[in-house]
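Peer 1: I have a structure here, written as structure tokens, and I will follow up with some questions on it.
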Amino acid sequence: MILRDMTEADLDAVLRIEREVHAHPWTQGNFSDALRSKYLCKVYESEADGMLGYAVLMLAVDEAELLDIAIAARYQRRGWGGRLLEEMMALARRHGMRRAVLEVRASNAAAIILYRNAGFTDIGLRRDYYPAENGREDAILMGREL
Ligand SMILES: CC(C)(COP(=O)(O)OP(=O)(O)OC[C@H]1O[C@@H](n2cnc3c(N)ncnc32)[C@H](O)[C@@H]1OP(=O)(O)O)[C@@H](O)C(=O)NCCC(=O)NCCS
């Protein structure tokens with residue numbers, strides 16, 4: 001399994017996964033902005049299967065914020081999401097980050113379980129933060145030490 005830098009050339013494949021797994025996907029512009037902003041944008045791939053997923057991490061002074069993480073639908077529930085998350089946390093540590101934070105939709109049970117398994121705990125709630133199918137949806141803020 002390889003974790004490598006995402007480039008503009010990856011964006012077609014990234015967007016295919018993003019649109020497949022997210023009800024409210026990032027746009028090509030969102031990913032281009034993330035690449036330009038020098039966020040840590042990584043692709044997770046295997047030699048045999050190609051791109052399994054990707055993740056985007058923003059580094060602040062000593063705090064990393066996980067902005068996106070996804071595993072293609074056909075590769076989910078095999079442990080890749082958990083491994084990718086740990087790789088991103090290790091990377092953040094190597095960049096001197098002491099803490100990781102993220103926001104997740106209150107309805108995203110799979111991601112919330114994944115984050116709890118990885119040691120994240122709830123640190124706050126933003127009411128009606130996200131647009132949703134019927135109105136708005138809360139964001140749960142989670143964090144962990146690195
Ligand atoms: C969240 C996500 C990255 C998890 O990837 P994954 O490769 O399936 O995760 P793992 O196989 O490592 O799962 C780890 C654990 O999370 C939990 N989990 C993952 N998907 C789940 C689901 N659909 N329902 C319930 N629990 C789930 C399980 O506890 C799982 O362990 P288990 O399979 O041994 O029970 C993937 O579901 C995804 O891409 N979702 C869409 C994008 C998204 O919501 N990203 C997060 C918000 S930005």
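Chains: A, B, ... in order of the structure tokens. Residues: from 1 per chain. Ligands: from 1, in order shown.
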Env of region 4-20 of chain A: 7 Å cut, atoms = only C-alpha atoms, seq-sep filter 6 positions within chain, self excluded. Answer as a list in words.
Peer 2: Trp26, Gln28, Ser32, Cys41, Lys42, Val43, Tyr44 and Ala72 of chain A
Peer 1: With ligand 1 as the partner and 7 Å as the cut-off, tabulate the residues of chain A that qualify, each row holding the nearest pair of atoms and their distance in Å to one decimal, using only C-alpha atoms and all ligand atoms, sorted by chain and rising number, as CSV.
Peer 2:
```
residue,atom,partner,partner_atom_place_in_ligand_line,distance
A:Val21,CA,ligand 1,41 (C),4.6
A:His22,CA,ligand 1,42 (C),5.4
A:Leu67,CA,ligand 1,48 (S),6.3
A:Asp68,CA,ligand 1,48 (S),4.2
A:Ile69,CA,ligand 1,45 (N),4.8
A:Ala70,CA,ligand 1,39 (O),3.3
A:Ile71,CA,ligand 1,39 (O),3.9
A:Ala72,CA,ligand 1,39 (O),6.1
A:Ala73,CA,ligand 1,39 (O),6.8
A:Tyr75,CA,ligand 1,7 (O),6.3
A:Gln76,CA,ligand 1,8 (O),3.4
A:Arg77,CA,ligand 1,11 (O),3.2
A:Arg78,CA,ligand 1,11 (O),4.1
A:Gly79,CA,ligand 1,12 (O),3.2
A:Trp80,CA,ligand 1,7 (O),4.1
A:Gly81,CA,ligand 1,7 (O),3.4
A:Gly82,CA,ligand 1,12 (O),3.6
A:Arg83,CA,ligand 1,12 (O),6.3
A:Val104,CA,ligand 1,47 (C),5.7
A:Asn108,CA,ligand 1,44 (O),6.1
A:Ala109,CA,ligand 1,25 (C),6.1
A:Ala110,CA,ligand 1,21 (C),3.7
A:Ala111,CA,ligand 1,1 (C),3.9
A:Ile113,CA,ligand 1,17 (C),4.9
A:Leu114,CA,ligand 1,16 (O),3.8
A:Asn117,CA,ligand 1,15 (C),7.0
```
Peer 1: Check region 9-44 of chain A with DSSP on the backbone and list each residue it calls strand (DSSP E or B), as a compact mmCIF listing (two decimals) with N, CA and C atoms, in the first residue's frame.
Peer 2:
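To be explicit, this is the file written out as selection.txt:
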```
# COMPACT_ATOMS: atom_id res chain seq x y z
N LEU A 40 -1.93 18.97 3.25
CA LEU A 40 -1.39 17.64 2.98
C LEU A 40 -2.49 16.82 2.31
N CYS A 41 -2.38 16.67 0.99
CA CYS A 41 -3.38 15.95 0.20
C CYS A 41 -2.72 14.65 -0.24
N LYS A 42 -3.24 13.53 0.25
CA LYS A 42 -2.59 12.25 -0.01
C LYS A 42 -3.54 11.27 -0.67
N VAL A 43 -2.98 10.46 -1.57
CA VAL A 43 -3.72 9.40 -2.23
C VAL A 43 -3.23 8.07 -1.66
N TYR A 44 -4.17 7.17 -1.42
CA TYR A 44 -3.84 5.86 -0.88
C TYR A 44 -4.09 4.86 -2.00
```
Peer 1: Which one of A:Leu57, A:Ala139, A:Ala34, A:Ala118 sits closest to Leu91 (chain A) if you count only C-alpha atoms?
Peer 2: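 Smallest distance to Leu91 (chain A) is found for A:Leu57.
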Peer 1: Of the candidates A:Gly143, A:Asn134, A:Ala55, A:Ser107, which one gets nearest to Asp122 (chain A) if we count only C-alpha atoms?
Peer 2: A:Gly143
Peer 1: Residues of chain A classed as helix (DSSP H, G or I) by DSSP on the backbone are to be reported as a PyMOL selection string.
Peer 2: chain A and resi 8-21+28-36+73-75+80-94+109-117
Peer 1: Tell me, in Å to one decimal, how far CA of Ala100 (chain A) is from CA of Arg144 (chain A).
Peer 2: 5.4 Å
Peer 1: Contacts of region 126-132 of chain A at 10 Å or less, counting only C-alpha atoms, minus same-chain residues fewer than 5 places along, as a ChimeraX atom specification?
Peer 2: /A:23-24,103-106,137-141
Peer 1: Write the residues you've just listed into a file as a PDB file, in the first residue's frame, and include N, CA and C atoms for each of them.
Peer 2:
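Writing the result to result_0.pdb gives the following:
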```
ATOM      1  N   ALA A  23     -22.621  12.360   0.045  1.00  0.00           N
ATOM      2  CA  ALA A  23     -23.887  12.972  -0.380  1.00  0.00           C
ATOM      3  C   ALA A  23     -23.661  14.429  -0.782  1.00  0.00           C
ATOM      4  N   HIS A  24     -22.684  15.080  -0.143  1.00  0.00           N
ATOM      5  CA  HIS A  24     -22.378  16.480  -0.452  1.00  0.00           C
ATOM      6  C   HIS A  24     -20.890  16.578  -0.797  1.00  0.00           C
ATOM      7  N   GLU A 103     -14.472  17.843  11.807  1.00  0.00           N
ATOM      8  CA  GLU A 103     -15.918  18.025  11.916  1.00  0.00           C
ATOM      9  C   GLU A 103     -16.576  16.929  11.112  1.00  0.00           C
ATOM     10  N   VAL A 104     -17.660  16.374  11.649  1.00  0.00           N
ATOM     11  CA  VAL A 104     -18.335  15.302  10.933  1.00  0.00           C
ATOM     12  C   VAL A 104     -19.843  15.482  11.062  1.00  0.00           C
ATOM     13  N   ARG A 105     -20.560  15.147   9.988  1.00  0.00           N
ATOM     14  CA  ARG A 105     -22.024  15.227  10.033  1.00  0.00           C
ATOM     15  C   ARG A 105     -22.561  14.287  11.103  1.00  0.00           C
ATOM     16  N   ALA A 106     -23.534  14.751  11.851  1.00  0.00           N
ATOM     17  CA  ALA A 106     -24.087  13.947  12.940  1.00  0.00           C
ATOM     18  C   ALA A 106     -24.677  12.626  12.433  1.00  0.00           C
ATOM     19  N   GLU A 137     -28.061  20.257   9.108  1.00  0.00           N
ATOM     20  CA  GLU A 137     -27.625  19.128   9.918  1.00  0.00           C
ATOM     21  C   GLU A 137     -26.496  19.581  10.845  1.00  0.00           C
ATOM     22  N   ASP A 138     -26.467  19.038  12.068  1.00  0.00           N
ATOM     23  CA  ASP A 138     -25.429  19.404  13.040  1.00  0.00           C
ATOM     24  C   ASP A 138     -24.065  18.848  12.622  1.00  0.00           C
ATOM     25  N   ALA A 139     -23.017  19.562  13.020  1.00  0.00           N
ATOM     26  CA  ALA A 139     -21.652  19.039  12.907  1.00  0.00           C
ATOM     27  C   ALA A 139     -21.174  18.653  14.301  1.00  0.00           C
ATOM     28  N   ILE A 140     -20.579  17.481  14.418  1.00  0.00           N
ATOM     29  CA  ILE A 140     -19.919  17.097  15.660  1.00  0.00           C
ATOM     30  C   ILE A 140     -18.440  17.418  15.499  1.00  0.00           C
ATOM     31  N   LEU A 141     -17.878  18.120  16.468  1.00  0.00           N
ATOM     32  CA  LEU A 141     -16.442  18.398  16.471  1.00  0.00           C
ATOM     33  C   LEU A 141     -15.763  17.324  17.298  1.00  0.00           C
TER      34      LEU A 141
END
```
